[in-house]
Amino acid sequence: MKYLSLWAWLFIFPISSFAQKTKIMKTDITQETEIRSAIEQYYFRGIYEGNTELLKEIFHKDALLFGDIKGVPYYKTAAQYIEGVGNRISPEKSRKAFKATIISIDVINTIATAKLNVKMYDFNYYNFITFHKINGKWMIVNKTLTDVEL
């Protein structure tokens with residue numbers, strides 16, 4: 001009986017001693033789908049059409065934008081950025097090429113980041129956008145961008 005108990009302990013102990021709870025970060029598919037939809041319906045459409053109302057729906061009023069364009073530092077508030085989009089000729093009206101791609105989306109609880117590529121006019125923008133879910137709605141709270149030569 002001693003040997004049977006010892007053998008049982010030897011086989012069970014190594015297995016159970018290494019079993020640890022591991023916390024795996026997973027992207028919530030439903031939340032990711034909501035963010036993807038918001039990007040496509042509000043952000044991409046807003047900049048393509050020059051539709052400031054769509055952009056006001058997705059940008060938090062206190063969002064900030066940082067980056068560089070053709071090597072020149074860039075800083076704007078959400079209001080300044082949206083006003084600028086409204087005052088320029090949109091890619092839609094200019095009939096210029098416009099290609100916007102979602103590269104990745106990561107979601108943890110009520111925060112998320114999205115990496116985007118937007119090609120328009122003579123620019124090849126890479127955007128890193130931070131979202132926060134506020135009152136059940138995904139809002140852009142920060143945008144960083146850079147222009148990479150084609």
# chains A, B, ... in the order shown; residues from 1 in each chain; ligands from 1
>>> select_by_dssp(residues="region 64-114 of chain A", states="alpha helix (DSSP H)", output="list of chain:residue names")
A:Ala78, A:Ala79, A:Gln80, A:Tyr81, A:Ile82, A:Glu83, A:Gly84, A:Val85, A:Gly86, A:Asn87, A:Pro91, A:Glu92, A:Lys93, A:Ser94
>>> write_last_selection(atoms="N, CA, C and O atoms", output="mmCIF file, in the first residue's frame")
data_model
loop_
_atom_site.group_PDB
_atom_site.id
_atom_site.type_symbol
_atom_site.label_atom_id
_atom_site.label_comp_id
_atom_site.auth_asym_id
_atom_site.auth_seq_id
_atom_site.Cartn_x
_atom_site.Cartn_y
_atom_site.Cartn_z
ATOM 1 N N ALA A 78 -8.392 68.073 -31.142
ATOM 2 C CA ALA A 78 -9.410 67.449 -31.993
ATOM 3 C C ALA A 78 -10.184 68.515 -32.762
ATOM 4 O O ALA A 78 -10.440 68.360 -33.960
ATOM 5 N N ALA A 79 -10.527 69.605 -32.103
ATOM 6 C CA ALA A 79 -11.288 70.675 -32.762
ATOM 7 C C ALA A 79 -10.497 71.278 -33.923
ATOM 8 O O ALA A 79 -11.058 71.520 -35.002
ATOM 9 N N GLN A 80 -9.207 71.525 -33.721
ATOM 10 C CA GLN A 80 -8.370 72.075 -34.797
ATOM 11 C C GLN A 80 -8.264 71.105 -35.968
ATOM 12 O O GLN A 80 -8.340 71.500 -37.126
ATOM 13 N N TYR A 81 -8.094 69.831 -35.647
ATOM 14 C CA TYR A 81 -7.978 68.810 -36.687
ATOM 15 C C TYR A 81 -9.274 68.719 -37.502
ATOM 16 O O TYR A 81 -9.241 68.738 -38.735
ATOM 17 N N ILE A 82 -10.399 68.641 -36.814
ATOM 18 C CA ILE A 82 -11.694 68.519 -37.498
ATOM 19 C C ILE A 82 -11.975 69.754 -38.347
ATOM 20 O O ILE A 82 -12.449 69.641 -39.484
ATOM 21 N N GLU A 83 -11.642 70.930 -37.839
ATOM 22 C CA GLU A 83 -11.810 72.161 -38.615
ATOM 23 C C GLU A 83 -10.953 72.115 -39.880
ATOM 24 O O GLU A 83 -11.403 72.487 -40.974
ATOM 25 N N GLY A 84 -9.718 71.634 -39.750
ATOM 26 C CA GLY A 84 -8.832 71.523 -40.905
ATOM 27 C C GLY A 84 -9.375 70.576 -41.965
ATOM 28 O O GLY A 84 -9.307 70.860 -43.163
ATOM 29 N N VAL A 85 -9.935 69.460 -41.524
ATOM 30 C CA VAL A 85 -10.540 68.505 -42.462
ATOM 31 C C VAL A 85 -11.714 69.167 -43.182
ATOM 32 O O VAL A 85 -11.886 69.004 -44.392
ATOM 33 N N GLY A 86 -12.486 69.952 -42.459
ATOM 34 C CA GLY A 86 -13.633 70.630 -43.058
ATOM 35 C C GLY A 86 -13.248 71.728 -44.041
ATOM 36 O O GLY A 86 -13.999 72.034 -44.968
ATOM 37 N N ASN A 87 -12.072 72.316 -43.864
ATOM 38 C CA ASN A 87 -11.634 73.425 -44.716
ATOM 39 C C ASN A 87 -10.819 72.996 -45.936
ATOM 40 O O ASN A 87 -10.514 73.828 -46.784
ATOM 41 N N PRO A 91 -10.728 64.159 -50.299
ATOM 42 C CA PRO A 91 -10.320 63.222 -51.346
ATOM 43 C C PRO A 91 -11.507 62.832 -52.251
ATOM 44 O O PRO A 91 -11.325 62.660 -53.455
ATOM 45 N N GLU A 92 -12.685 62.752 -51.676
ATOM 46 C CA GLU A 92 -13.872 62.414 -52.469
ATOM 47 C C GLU A 92 -14.137 63.476 -53.541
ATOM 48 O O GLU A 92 -14.311 63.154 -54.720
ATOM 49 N N LYS A 93 -14.137 64.750 -53.136
ATOM 50 C CA LYS A 93 -14.424 65.839 -54.076
ATOM 51 C C LYS A 93 -13.291 66.048 -55.081
ATOM 52 O O LYS A 93 -13.529 66.432 -56.219
ATOM 53 N N SER A 94 -12.070 65.816 -54.647
ATOM 54 C CA SER A 94 -10.929 66.010 -55.549
ATOM 55 C C SER A 94 -10.740 64.824 -56.488
ATOM 56 O O SER A 94 -9.946 64.904 -57.417
#
>>> residues_around(residues="region 55-67 of chain A", least_positions_apart="5", cutoff="10 Å", atoms="only C-alpha atoms", output="tab-separated table (two decimals) with N, CA, C and O atoms, in the first residue's frame")
chain	number	residue	atom	x	y	z
A	38	ALA	N	-16.66	51.56	-36.11
A	38	ALA	CA	-16.52	52.99	-35.82
A	38	ALA	C	-15.45	53.63	-36.69
A	38	ALA	O	-15.63	54.72	-37.22
A	39	ILE	N	-14.32	52.94	-36.85
A	39	ILE	CA	-13.24	53.46	-37.69
A	39	ILE	C	-13.73	53.63	-39.13
A	39	ILE	O	-13.52	54.68	-39.75
A	41	GLN	N	-16.93	53.65	-40.40
A	41	GLN	CA	-18.11	54.48	-40.60
A	41	GLN	C	-17.92	55.95	-40.23
A	41	GLN	O	-18.56	56.82	-40.82
A	42	TYR	N	-17.06	56.22	-39.25
A	42	TYR	CA	-16.89	57.60	-38.80
A	42	TYR	C	-15.53	58.19	-39.20
A	42	TYR	O	-15.48	59.25	-39.79
A	43	TYR	N	-14.46	57.49	-38.86
A	43	TYR	CA	-13.12	58.05	-39.11
A	43	TYR	C	-12.77	58.03	-40.59
A	43	TYR	O	-12.53	59.08	-41.19
A	44	PHE	N	-12.74	56.84	-41.20
A	44	PHE	CA	-12.37	56.76	-42.62
A	44	PHE	C	-13.34	57.55	-43.50
A	44	PHE	O	-12.93	58.31	-44.36
A	45	ARG	N	-14.63	57.36	-43.27
A	45	ARG	CA	-15.62	58.09	-44.08
A	45	ARG	C	-15.50	59.60	-43.85
A	45	ARG	O	-15.62	60.40	-44.79
A	46	GLY	N	-15.30	60.00	-42.61
A	46	GLY	CA	-15.19	61.42	-42.28
A	46	GLY	C	-14.04	62.09	-43.00
A	46	GLY	O	-14.20	63.17	-43.57
A	47	ILE	N	-12.86	61.45	-42.99
A	47	ILE	CA	-11.73	62.09	-43.67
A	47	ILE	C	-11.85	61.99	-45.18
A	47	ILE	O	-11.44	62.90	-45.89
A	50	GLY	N	-14.67	64.50	-46.02
A	50	GLY	CA	-14.53	65.82	-45.41
A	50	GLY	C	-15.71	66.13	-44.51
A	50	GLY	O	-16.05	67.28	-44.26
A	72	VAL	N	8.08	67.37	-40.35
A	72	VAL	CA	7.71	68.56	-39.58
A	72	VAL	C	6.80	68.13	-38.42
A	72	VAL	O	5.80	67.44	-38.63
A	73	PRO	N	7.15	68.53	-37.17
A	73	PRO	CA	6.32	68.16	-36.03
A	73	PRO	C	4.87	68.63	-36.21
A	73	PRO	O	4.61	69.69	-36.79
A	74	TYR	N	3.95	67.84	-35.69
A	74	TYR	CA	2.52	68.09	-35.86
A	74	TYR	C	1.85	67.97	-34.51
A	74	TYR	O	2.08	67.01	-33.77
A	75	TYR	N	1.03	68.97	-34.16
A	75	TYR	CA	0.25	68.94	-32.93
A	75	TYR	C	-1.05	69.69	-33.17
A	75	TYR	O	-1.03	70.82	-33.67
A	76	LYS	N	-2.16	69.06	-32.83
A	76	LYS	CA	-3.46	69.72	-32.93
A	76	LYS	C	-4.40	69.17	-31.88
A	76	LYS	O	-4.24	68.04	-31.43
A	77	THR	N	-5.36	69.99	-31.52
A	77	THR	CA	-6.47	69.48	-30.72
A	77	THR	C	-7.46	68.83	-31.68
A	77	THR	O	-7.39	69.04	-32.90
A	78	ALA	N	-8.39	68.07	-31.14
A	78	ALA	CA	-9.41	67.45	-31.99
A	78	ALA	C	-10.18	68.52	-32.76
A	78	ALA	O	-10.44	68.36	-33.96
A	79	ALA	N	-10.53	69.61	-32.10
A	79	ALA	CA	-11.29	70.68	-32.76
A	79	ALA	C	-10.50	71.28	-33.92
A	79	ALA	O	-11.06	71.52	-35.00
A	80	GLN	N	-9.21	71.52	-33.72
A	80	GLN	CA	-8.37	72.07	-34.80
A	80	GLN	C	-8.26	71.10	-35.97
A	80	GLN	O	-8.34	71.50	-37.13
A	81	TYR	N	-8.09	69.83	-35.65
A	81	TYR	CA	-7.98	68.81	-36.69
A	81	TYR	C	-9.27	68.72	-37.50
A	81	TYR	O	-9.24	68.74	-38.74
A	82	ILE	N	-10.40	68.64	-36.81
A	82	ILE	CA	-11.69	68.52	-37.50
A	82	ILE	C	-11.97	69.75	-38.35
A	82	ILE	O	-12.45	69.64	-39.48
A	83	GLU	N	-11.64	70.93	-37.84
A	83	GLU	CA	-11.81	72.16	-38.61
A	83	GLU	C	-10.95	72.11	-39.88
A	83	GLU	O	-11.40	72.49	-40.97
A	85	VAL	N	-9.94	69.46	-41.52
A	85	VAL	CA	-10.54	68.51	-42.46
A	85	VAL	C	-11.71	69.17	-43.18
A	85	VAL	O	-11.89	69.00	-44.39
A	86	GLY	N	-12.49	69.95	-42.46
A	86	GLY	CA	-13.63	70.63	-43.06
A	86	GLY	C	-13.25	71.73	-44.04
A	86	GLY	O	-14.00	72.03	-44.97
A	126	TYR	N	0.71	56.65	-41.33
A	126	TYR	CA	0.50	55.58	-40.36
A	126	TYR	C	-0.04	56.25	-39.11
A	126	TYR	O	0.53	57.22	-38.63
A	127	ASN	N	-1.18	55.77	-38.65
A	127	ASN	CA	-1.85	56.33	-37.48
A	127	ASN	C	-1.88	55.29	-36.37
A	127	ASN	O	-2.16	54.11	-36.63
A	128	PHE	N	-1.62	55.72	-35.16
A	128	PHE	CA	-1.84	54.90	-33.97
A	128	PHE	C	-2.91	55.64	-33.18
A	128	PHE	O	-2.68	56.76	-32.71
A	129	ILE	N	-4.07	55.01	-33.08
A	129	ILE	CA	-5.22	55.67	-32.47
A	129	ILE	C	-5.58	54.96	-31.18
A	129	ILE	O	-5.68	53.73	-31.15
A	130	THR	N	-5.77	55.74	-30.13
A	130	THR	CA	-6.18	55.20	-28.84
A	130	THR	C	-7.66	55.49	-28.63
A	130	THR	O	-8.12	56.63	-28.82
A	131	PHE	N	-8.39	54.45	-28.25
A	131	PHE	CA	-9.81	54.55	-27.98
A	131	PHE	C	-10.08	54.32	-26.51
A	131	PHE	O	-9.34	53.61	-25.84
A	132	HIS	N	-11.17	54.90	-26.04
A	132	HIS	CA	-11.68	54.63	-24.69
A	132	HIS	C	-13.19	54.51	-24.83
A	132	HIS	O	-13.82	55.31	-25.53
A	134	ILE	N	-16.53	55.21	-23.59
A	134	ILE	CA	-17.14	56.18	-22.67
A	134	ILE	C	-18.64	56.14	-22.86
A	134	ILE	O	-19.13	56.33	-23.98
A	137	LYS	N	-19.77	53.99	-25.71
A	137	LYS	CA	-19.39	54.35	-27.08
A	137	LYS	C	-17.88	54.46	-27.18
A	137	LYS	O	-17.24	55.11	-26.35
A	138	TRP	N	-17.29	53.85	-28.21
A	138	TRP	CA	-15.85	53.94	-28.44
A	138	TRP	C	-15.50	55.31	-29.02
A	138	TRP	O	-16.03	55.70	-30.05
A	139	MET	N	-14.62	56.03	-28.33
A	139	MET	CA	-14.22	57.37	-28.73
A	139	MET	C	-12.70	57.43	-28.92
A	139	MET	O	-11.95	56.82	-28.15
A	140	ILE	N	-12.27	58.18	-29.92
A	140	ILE	CA	-10.83	58.43	-30.11
A	140	ILE	C	-10.41	59.47	-29.07
A	140	ILE	O	-10.95	60.57	-29.03
A	141	VAL	N	-9.43	59.10	-28.24
A	141	VAL	CA	-8.94	60.02	-27.22
A	141	VAL	C	-7.53	60.51	-27.52
A	141	VAL	O	-7.06	61.45	-26.90
A	142	ASN	N	-6.88	59.85	-28.50
A	142	ASN	CA	-5.53	60.26	-28.87
A	142	ASN	C	-5.21	59.70	-30.26
A	142	ASN	O	-5.63	58.61	-30.60
A	143	LYS	N	-4.48	60.49	-31.03
A	143	LYS	CA	-4.04	60.03	-32.34
A	143	LYS	C	-2.61	60.47	-32.53
A	143	LYS	O	-2.27	61.63	-32.32
A	144	THR	N	-1.75	59.53	-32.90
A	144	THR	CA	-0.39	59.86	-33.30
A	144	THR	C	-0.24	59.43	-34.76
A	144	THR	O	-0.86	58.46	-35.19
A	145	LEU	N	0.53	60.20	-35.50
A	145	LEU	CA	0.65	59.92	-36.92
A	145	LEU	C	2.02	60.28	-37.44
A	145	LEU	O	2.72	61.11	-36.86
A	146	THR	N	2.36	59.64	-38.52
A	146	THR	CA	3.58	59.99	-39.25
A	146	THR	C	3.33	59.72	-40.73
A	146	THR	O	2.50	58.90	-41.09
A	147	ASP	N	4.05	60.44	-41.54
A	147	ASP	CA	3.96	60.27	-42.99
A	147	ASP	C	5.23	59.57	-43.46
A	147	ASP	O	6.34	60.01	-43.16
>>> select_by_dssp(residues="region 41-146 of chain A", states="strand (DSSP E or B)", output="VMD selection string")
chain A and resid 59 to 69 72 to 77 98 to 108 111 to 120 123 to 134 137 to 146
>>> atom_distance(atom1="CA of Asn109 (chain A)", atom2="CA of Gln31 (chain A)")
8.9 Å
>>> closest_residue(among="A:Lys70, A:Lys119, A:Arg95, A:Arg36", to="Val107 (chain A)", atoms="only C-alpha atoms")
A:Arg36
>>> atom_distance(atom1="CA of Gly71 (chain A)", atom2="CA of Glu149 (chain A)")
10.5 Å
>>> atom_distance(atom1="CA of Glu53 (chain A)", atom2="CA of Ile35 (chain A)")
18.0 Å
>>> closest_residue(among="A:Ser90, A:Asp68, A:Ile105, A:Ala100", to="Asn117 (chain A)", atoms="only C-alpha atoms")
A:Ala100
>>> closest_residue(among="A:Tyr48, A:Lys133, A:Ser37, A:Asn124", to="Ile111 (chain A)", atoms="only C-alpha atoms")
A:Lys133
>>> closest_residue(among="A:Ile103, A:Ile108, A:Leu150, A:Ala97", to="Tyr121 (chain A)", atoms="only C-alpha atoms")
A:Ala97
>>> closest_residue(among="A:Leu54, A:Glu40, A:Glu34, A:Ile89", to="Leu116 (chain A)", atoms="only C-alpha atoms")
A:Glu40
